[in-house]
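What follows is the content of input21.csv, which has CSV, C-alpha atoms and all ligand atoms:
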chain,number,residue,atom,x,y,z
A,754,MET,CA,0.0,0.0,0.0
A,755,SER,CA,1.3,3.4,-1.0
A,756,LEU,CA,-0.1,5.6,1.8
A,757,THR,CA,0.5,5.3,5.5
A,758,LEU,CA,-1.2,7.7,8.0
A,759,HIS,CA,0.7,8.2,11.2
A,760,PHE,CA,-2.0,9.3,13.7
A,761,HIS,CA,-3.8,8.8,16.9
A,762,PRO,CA,-7.6,7.8,16.9
A,763,LEU,CA,-8.4,10.5,19.5
A,764,ALA,CA,-6.4,13.4,18.0
A,765,SER,CA,-8.6,16.1,16.5
A,766,TYR,CA,-6.3,17.1,13.6
A,767,CYS,CA,-6.0,13.4,12.7
A,768,HIS,CA,-9.8,13.3,12.5
A,769,LYS,CA,-9.6,16.1,10.0
A,770,VAL,CA,-7.5,14.0,7.6
A,771,LEU,CA,-9.4,10.7,8.3
A,772,ILE,CA,-12.6,12.4,7.1
A,773,ALA,CA,-10.9,13.2,3.8
A,774,LEU,CA,-9.6,9.6,3.4
A,775,TYR,CA,-12.9,8.1,4.3
A,776,GLU,CA,-14.8,10.5,2.0
A,777,ASN,CA,-13.1,8.9,-1.0
A,778,ASP,CA,-12.4,5.4,0.4
A,779,THR,CA,-8.8,6.1,-0.2
A,780,PRO,CA,-6.7,3.0,0.7
A,781,PHE,CA,-4.1,3.7,3.4
A,782,ALA,CA,-2.3,1.8,6.2
A,783,PRO,CA,-3.1,3.4,9.6
A,784,ASN,CA,-0.2,3.6,12.0
A,785,SER,CA,-1.5,4.6,15.5
A,786,VAL,CA,1.3,6.4,17.4
A,787,ASP,CA,1.4,6.4,21.2
A,788,LEU,CA,3.4,9.5,22.1
A,789,SER,CA,4.1,8.2,25.6
A,790,ASN,CA,6.0,5.3,24.0
A,791,GLU,CA,9.6,6.4,23.4
A,792,THR,CA,10.2,4.2,20.4
A,793,GLU,CA,7.0,5.3,18.7
A,794,ARG,CA,7.6,9.0,19.5
A,795,ALA,CA,11.2,8.7,18.1
A,796,ALA,CA,9.8,7.2,14.9
A,797,LEU,CA,7.4,10.1,14.5
A,798,LEU,CA,10.1,12.6,15.2
A,799,LYS,CA,12.2,11.0,12.5
A,800,LEU,CA,9.5,11.7,10.0
A,801,TRP,CA,8.6,15.2,11.2
A,802,PRO,CA,10.8,16.6,13.9
A,803,ILE,CA,8.0,18.9,15.1
A,804,GLY,CA,6.5,15.7,16.6
A,805,LYS,CA,2.9,16.4,15.8
A,806,PHE,CA,0.5,14.2,14.0
A,807,PRO,CA,-1.1,13.6,11.5
A,808,VAL,CA,1.8,12.8,9.1
A,809,LEU,CA,1.1,11.1,5.7
A,810,ARG,CA,3.8,9.0,4.1
A,811,ASP,CA,3.5,8.3,0.4
A,812,ASP,CA,5.9,5.5,-0.6
A,813,ALA,CA,4.8,5.5,-4.3
A,814,ARG,CA,5.8,9.2,-4.6
A,815,ASN,CA,8.5,9.1,-1.9
A,816,GLN,CA,7.0,12.0,0.0
A,817,THR,CA,6.4,12.7,3.6
A,818,ILE,CA,3.5,15.2,4.2
A,819,PRO,CA,2.8,16.8,7.6
A,820,GLU,CA,0.1,19.3,8.4
A,821,SER,CA,-3.6,18.4,8.1
A,822,THR,CA,-4.5,21.1,5.5
A,823,VAL,CA,-1.5,20.2,3.3
A,824,ILE,CA,-2.2,16.5,3.5
A,825,ILE,CA,-5.8,17.1,2.3
A,826,GLU,CA,-4.7,19.3,-0.5
A,827,TYR,CA,-2.1,16.6,-1.4
A,828,LEU,CA,-4.8,13.9,-1.4
A,829,ASP,CA,-7.1,16.1,-3.5
A,830,ARG,CA,-4.4,16.5,-6.1
A,831,HIS,CA,-2.7,13.0,-6.2
A,832,TYR,CA,-5.4,10.7,-4.9
A,833,SER,CA,-8.6,12.5,-5.9
A,834,GLY,CA,-12.0,10.8,-5.6
A,835,ARG,CA,-15.7,11.6,-5.8
A,836,THR,CA,-15.4,14.3,-3.1
A,837,ARG,CA,-13.1,17.2,-4.2
A,838,PHE,CA,-11.8,19.1,-1.2
A,839,MET,CA,-10.5,22.1,-3.2
A,840,PRO,CA,-13.1,23.7,-5.4
A,841,VAL,CA,-12.0,24.3,-9.0
A,842,ASP,CA,-13.4,27.8,-9.2
A,843,VAL,CA,-10.6,30.2,-8.1
A,844,ASP,CA,-12.9,32.3,-5.8
A,845,ARG,CA,-14.3,29.2,-4.2
A,846,THR,CA,-10.7,27.9,-3.6
A,847,TRP,CA,-9.7,30.9,-1.5
A,848,GLN,CA,-13.0,30.7,0.4
A,849,ALA,CA,-12.3,27.0,1.2
A,850,ARG,CA,-8.8,27.9,2.4
A,851,LEU,CA,-10.1,30.9,4.4
A,852,ARG,CA,-12.7,28.7,6.2
A,853,ASP,CA,-10.1,26.0,6.8
A,854,ARG,CA,-7.8,28.6,8.4
A,855,PHE,CA,-10.6,30.0,10.4
A,856,TYR,CA,-11.6,26.7,11.9
A,857,ASP,CA,-8.0,25.7,12.6
A,858,LEU,CA,-6.8,29.0,14.1
A,859,TYR,CA,-10.0,30.4,15.7
A,860,VAL,CA,-11.9,27.3,16.8
A,861,HIS,CA,-9.4,24.4,17.0
A,862,GLU,CA,-6.5,26.4,18.5
A,863,PRO,CA,-8.5,28.0,21.4
A,864,MET,CA,-10.2,24.6,22.0
A,865,GLN,CA,-6.7,23.0,22.3
A,866,LYS,CA,-5.6,25.8,24.6
A,867,ILE,CA,-8.5,25.1,27.0
A,868,VAL,CA,-8.0,21.3,26.9
A,869,GLY,CA,-4.2,21.7,27.2
A,870,ASP,CA,-4.7,23.8,30.3
A,871,ARG,CA,-6.7,21.0,32.0
A,872,LEU,CA,-3.7,18.7,31.5
A,873,ARG,CA,-1.2,21.1,33.1
A,874,PRO,CA,-0.1,20.4,36.7
A,875,ASP,CA,-1.3,22.7,39.5
A,876,GLY,CA,0.9,25.8,39.6
A,877,LYS,CA,1.5,25.7,35.9
A,878,LYS,CA,-2.0,26.7,34.7
A,879,ASP,CA,-2.7,29.7,32.5
A,880,PRO,CA,-6.1,31.2,33.5
A,881,HIS,CA,-5.4,34.3,31.5
A,882,GLY,CA,-4.7,32.3,28.3
A,883,VAL,CA,-7.8,30.2,28.9
A,884,GLU,CA,-9.9,33.4,29.3
A,885,GLU,CA,-8.6,34.7,26.0
A,886,ALA,CA,-9.3,31.3,24.3
A,887,THR,CA,-12.8,31.3,25.7
A,888,ALA,CA,-13.4,34.8,24.3
A,889,ARG,CA,-12.0,33.8,20.9
A,890,LEU,CA,-14.3,30.8,20.8
A,891,ARG,CA,-17.3,33.0,21.7
A,892,THR,CA,-16.5,35.3,18.8
A,893,SER,CA,-16.0,32.4,16.4
A,894,TYR,CA,-19.4,30.8,17.4
A,895,ARG,CA,-21.1,34.1,16.7
A,896,MET,CA,-19.5,34.3,13.2
A,897,ILE,CA,-20.2,30.7,12.4
A,898,ASP,CA,-23.8,31.0,13.5
A,899,GLN,CA,-24.4,34.0,11.2
A,900,GLU,CA,-22.9,32.4,8.1
A,901,MET,CA,-24.4,28.9,8.6
A,902,ALA,CA,-27.9,30.5,8.7
A,903,THR,CA,-27.8,30.2,4.9
A,904,ARG,CA,-25.3,27.5,4.1
A,905,THR,CA,-25.3,23.7,4.2
A,906,TRP,CA,-21.6,23.3,4.3
A,907,ALA,CA,-18.8,25.7,5.3
A,908,ILE,CA,-18.5,27.4,1.9
A,909,GLY,CA,-22.0,26.7,0.6
A,910,ASP,CA,-23.5,23.7,-1.1
A,911,GLU,CA,-20.4,21.6,-1.6
A,912,PHE,CA,-18.5,19.7,1.0
A,913,SER,CA,-14.8,20.8,1.1
A,914,LEU,CA,-11.5,21.0,3.0
A,915,ALA,CA,-13.2,23.6,5.3
A,916,ASP,CA,-15.8,21.0,6.5
A,917,CYS,CA,-13.0,18.5,7.2
A,918,ALA,CA,-11.5,21.2,9.4
A,919,ALA,CA,-14.8,22.2,11.0
A,920,ALA,CA,-16.0,18.8,12.2
A,921,PRO,CA,-13.3,17.9,14.8
A,922,ALA,CA,-12.8,21.5,15.8
A,923,LEU,CA,-16.5,21.9,16.6
A,924,PHE,CA,-16.7,18.5,18.2
A,925,TYR,CA,-14.1,19.2,20.8
A,926,ALA,CA,-15.0,22.9,21.2
A,927,ASN,CA,-18.6,21.8,22.0
A,928,GLU,CA,-17.1,19.6,24.7
A,929,VAL,CA,-15.3,22.5,26.4
A,930,MET,CA,-17.8,25.2,25.6
A,931,PRO,CA,-21.2,23.9,24.4
A,932,PHE,CA,-22.7,25.9,21.5
A,933,GLY,CA,-25.9,26.2,23.6
A,934,GLU,CA,-29.3,27.2,22.3
A,935,SER,CA,-28.1,30.6,21.4
A,936,HIS,CA,-26.1,29.1,18.5
A,937,ALA,CA,-28.8,27.1,16.8
A,938,ASN,CA,-27.1,27.3,13.3
A,939,VAL,CA,-23.8,26.1,14.6
A,940,ALA,CA,-25.6,23.2,16.3
A,941,ALA,CA,-27.5,22.4,13.1
A,942,TYR,CA,-24.4,22.4,11.0
A,943,PHE,CA,-22.7,20.1,13.5
A,944,VAL,CA,-25.6,17.7,13.3
A,945,ARG,CA,-25.1,17.6,9.5
A,946,LEU,CA,-21.4,17.0,9.9
A,947,LYS,CA,-22.0,14.1,12.3
A,948,ALA,CA,-24.4,12.6,9.9
A,949,ARG,CA,-21.8,12.6,7.1
A,950,PRO,CA,-20.8,8.9,6.8
A,951,SER,CA,-17.0,9.8,6.7
A,952,TYR,CA,-17.2,11.7,10.0
A,953,ALA,CA,-19.6,9.2,11.6
A,954,ARG,CA,-17.0,6.5,11.0
A,955,VAL,CA,-14.2,8.6,12.5
A,956,LEU,CA,-16.3,9.2,15.7
A,957,LYS,CA,-17.2,5.5,15.9
A,958,GLU,CA,-13.6,4.5,15.7
A,959,ALA,CA,-12.6,7.2,18.3
A,960,GLU,CA,-15.3,6.1,20.8
A,961,PRO,CA,-13.1,3.6,22.7
A,962,TYR,CA,-10.6,6.4,23.4
A,963,PHE,CA,-13.0,9.1,24.5
A,964,ALA,CA,-12.4,8.2,28.2
A,965,MET,CA,-8.9,9.6,27.8
A,966,PHE,CA,-10.3,13.1,27.0
A,967,PRO,CA,-9.9,15.4,30.1
A,968,ARG,CA,-13.5,16.5,31.0
B,1001,LIG,N1,-1.0,22.3,12.5
B,1001,LIG,C1,-1.1,20.9,12.7
B,1001,LIG,C2,-1.5,20.6,14.2
B,1001,LIG,C3,-1.3,19.2,14.6
B,1001,LIG,C4,-1.6,19.0,16.0
B,1001,LIG,O1,-1.7,19.9,16.8
B,1001,LIG,N2,-1.7,17.7,16.4
B,1001,LIG,C5,-1.9,17.3,17.8
B,1001,LIG,C6,-2.9,16.2,17.9
B,1001,LIG,S1,-4.5,16.9,17.5
B,1001,LIG,C7,-0.6,16.7,18.3
B,1001,LIG,O2,0.2,16.1,17.6
B,1001,LIG,N3,-0.4,16.8,19.6
B,1001,LIG,C8,0.8,16.2,20.3
B,1001,LIG,C9,1.8,17.2,20.7
B,1001,LIG,O3,1.7,18.4,20.4
B,1001,LIG,O4,2.8,16.7,21.3
B,1001,LIG,C10,-1.9,20.2,11.7
B,1001,LIG,O5,-2.8,20.8,11.1
B,1001,LIG,O6,-1.7,19.0,11.4
Transcribe the structure of this file into structure tokens.
Amino acid sequence: MSLTLHFHPLASYCHKVLIALYENDTPFAPNSVDLSNETERAALLKLWPIGKFPVLRDDARNQTIPESTVIIEYLDRHYSGRTRFMPVDVDRTWQARLRDRFYDLYVHEPMQKIVGDRLRPDGKKDPHGVEEATARLRTSYRMIDQEMATRTWAIGDEFSLADCAAAPALFYANEVMPFGESHANVAAYFVRLKARPSYARVLKEAEPYFAMFPR
């Protein structure tokens, strides 16, 4: 098999790439990495010294691709299928990239800040950072709620890279700061995402690991 995905079944950015792989039934070998295992961590660092997953290895093209957004763009170009993640229309392309950046930087990142703080030992917590992250999430929910009032998917009628980014970001953000009844359009969009077979499969496979999530 040409493609290997180095990932963890609970990791949100890995979910983003799994959605893209499952959308098109792209064949790949999954390699689950336990970062607390020194050998497995060293192997990941060898591939990508930053030490974060997902990382895609493509033996057929002799390429190692880190970063979820870049992996999805790579899959779209070299292993394309029925779902295209990057729209062909140039204006739709930048809109997909913008929404992808938005969900990564302004939903996923503050969510990770809040979750990460829960894992910090006493005396090393960062309440000010968590306050800033909470405020950022609040703004993002408001923006998403407005735009999803008239859209099915993140950029309109077609599922794209941006929806792969949105699903795991919203899933875990909702765990740390529920959308609530005041964000009905965010909640309805999230229901659509969860009903998408690719993401439903990701969540099902992650289920046995959810107990590891710091609630
Ligand atoms: N910008 C990266 C972020 C990847 C990332 O934050 N991955 C997390 C898992 S969701 C990770 O590897 N965490 C382990 C660590 O930072 O040590 C991407 O889009 O792939």
Residues at most 7 Å from ligand LIG 1001 (chain B), using all atoms listed in the file? Could they come as a JSON list (two decimals) with C-alpha atoms, in the frame of the given file?
[["chain", "number", "residue", "atom", "x", "y", "z"],
["A", 764, "ALA", "CA", -6.40, 13.40, 18.00],
["A", 765, "SER", "CA", -8.60, 16.10, 16.50],
["A", 766, "TYR", "CA", -6.30, 17.10, 13.60],
["A", 767, "CYS", "CA", -6.00, 13.40, 12.70],
["A", 804, "GLY", "CA", 6.50, 15.70, 16.60],
["A", 805, "LYS", "CA", 2.90, 16.40, 15.80],
["A", 806, "PHE", "CA", 0.50, 14.20, 14.00],
["A", 807, "PRO", "CA", -1.10, 13.60, 11.50],
["A", 819, "PRO", "CA", 2.80, 16.80, 7.60],
["A", 820, "GLU", "CA", 0.10, 19.30, 8.40],
["A", 821, "SER", "CA", -3.60, 18.40, 8.10],
["A", 822, "THR", "CA", -4.50, 21.10, 5.50]]
**Prompt:** Using all atoms listed in the file, which of A:Cys917, A:Leu858, A:Ala926, A:Ala964 sits nearest A:Thr887?
**Reply:**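 Ranked by minimum distance to A:Thr887, first place goes to A:Ala926.
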**Prompt:** Hey, can you pull every residue with an atom no more than 12 Å from (-24.3, 23.8, 19.2), using only C-alpha atoms, and send it as a PyMOL selection string?
**Reply:** chain A and resi 891+894-895+897-898+901+920+923-946
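Nearest to A:Tyr859 of all the residues A:Ala813, A:Ala886, A:Leu771, A:Ala796 is A:Ala886, counting all atoms listed in the file.
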**Request:** Would you please work out which residue, of A:Asp844, A:Asp879, A:Asp811, A:Asp916, is nearest to A:Val770 when using all atoms listed in the file?
**Result:**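 So, comparing all the options, the nearest one is A:Asp916.
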**Request:** Figure out the distance between atom CA of A:Trp847 and atom CA of A:Glu826, please, to one decimal in Å.
**Result:** 12.7 Å
**Prompt:** Hey, what's within 12 Å of A:Asn777 if we count all atoms listed in the file and toss same-chain stuff fewer than 2 positions away? As a list in words, please?
**Reply:**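 Once the adjacent positions are removed, what remains is Val770, Leu771, Ile772, Ala773, Leu774, Tyr775, Thr779, Pro780, Phe781, Ile825, Leu828, Asp829, Tyr832, Ser833, Gly834, Arg835, Thr836, Arg837, Phe838, Pro950 and Ser951 of chain A.
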**Complete:** A straight line from atom CA of A:Leu797 to atom CA of A:Asp875 spans 29.3 Å
**Request:** Measure the distance from atom CA of A:Val808 to atom CA of A:Asp787 in Å and round it to one decimal.
**Result:**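 Going from atom CA of A:Val808 over to atom CA of A:Asp787 covers 13.7 Å.
Counting all atoms listed in the file and comparing A:Pro802, A:Gly869, A:Pro961, A:Pro863, the residue that lies closest to A:Leu890 is A:Pro863.
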**Request:** Using all atoms listed in the file, find the one residue out of A:Arg873, A:Lys878, A:His768, A:Arg830 that sits nearest to A:Ala919.
**Result:**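 Among the listed residues, A:His768 lies closest to A:Ala919.
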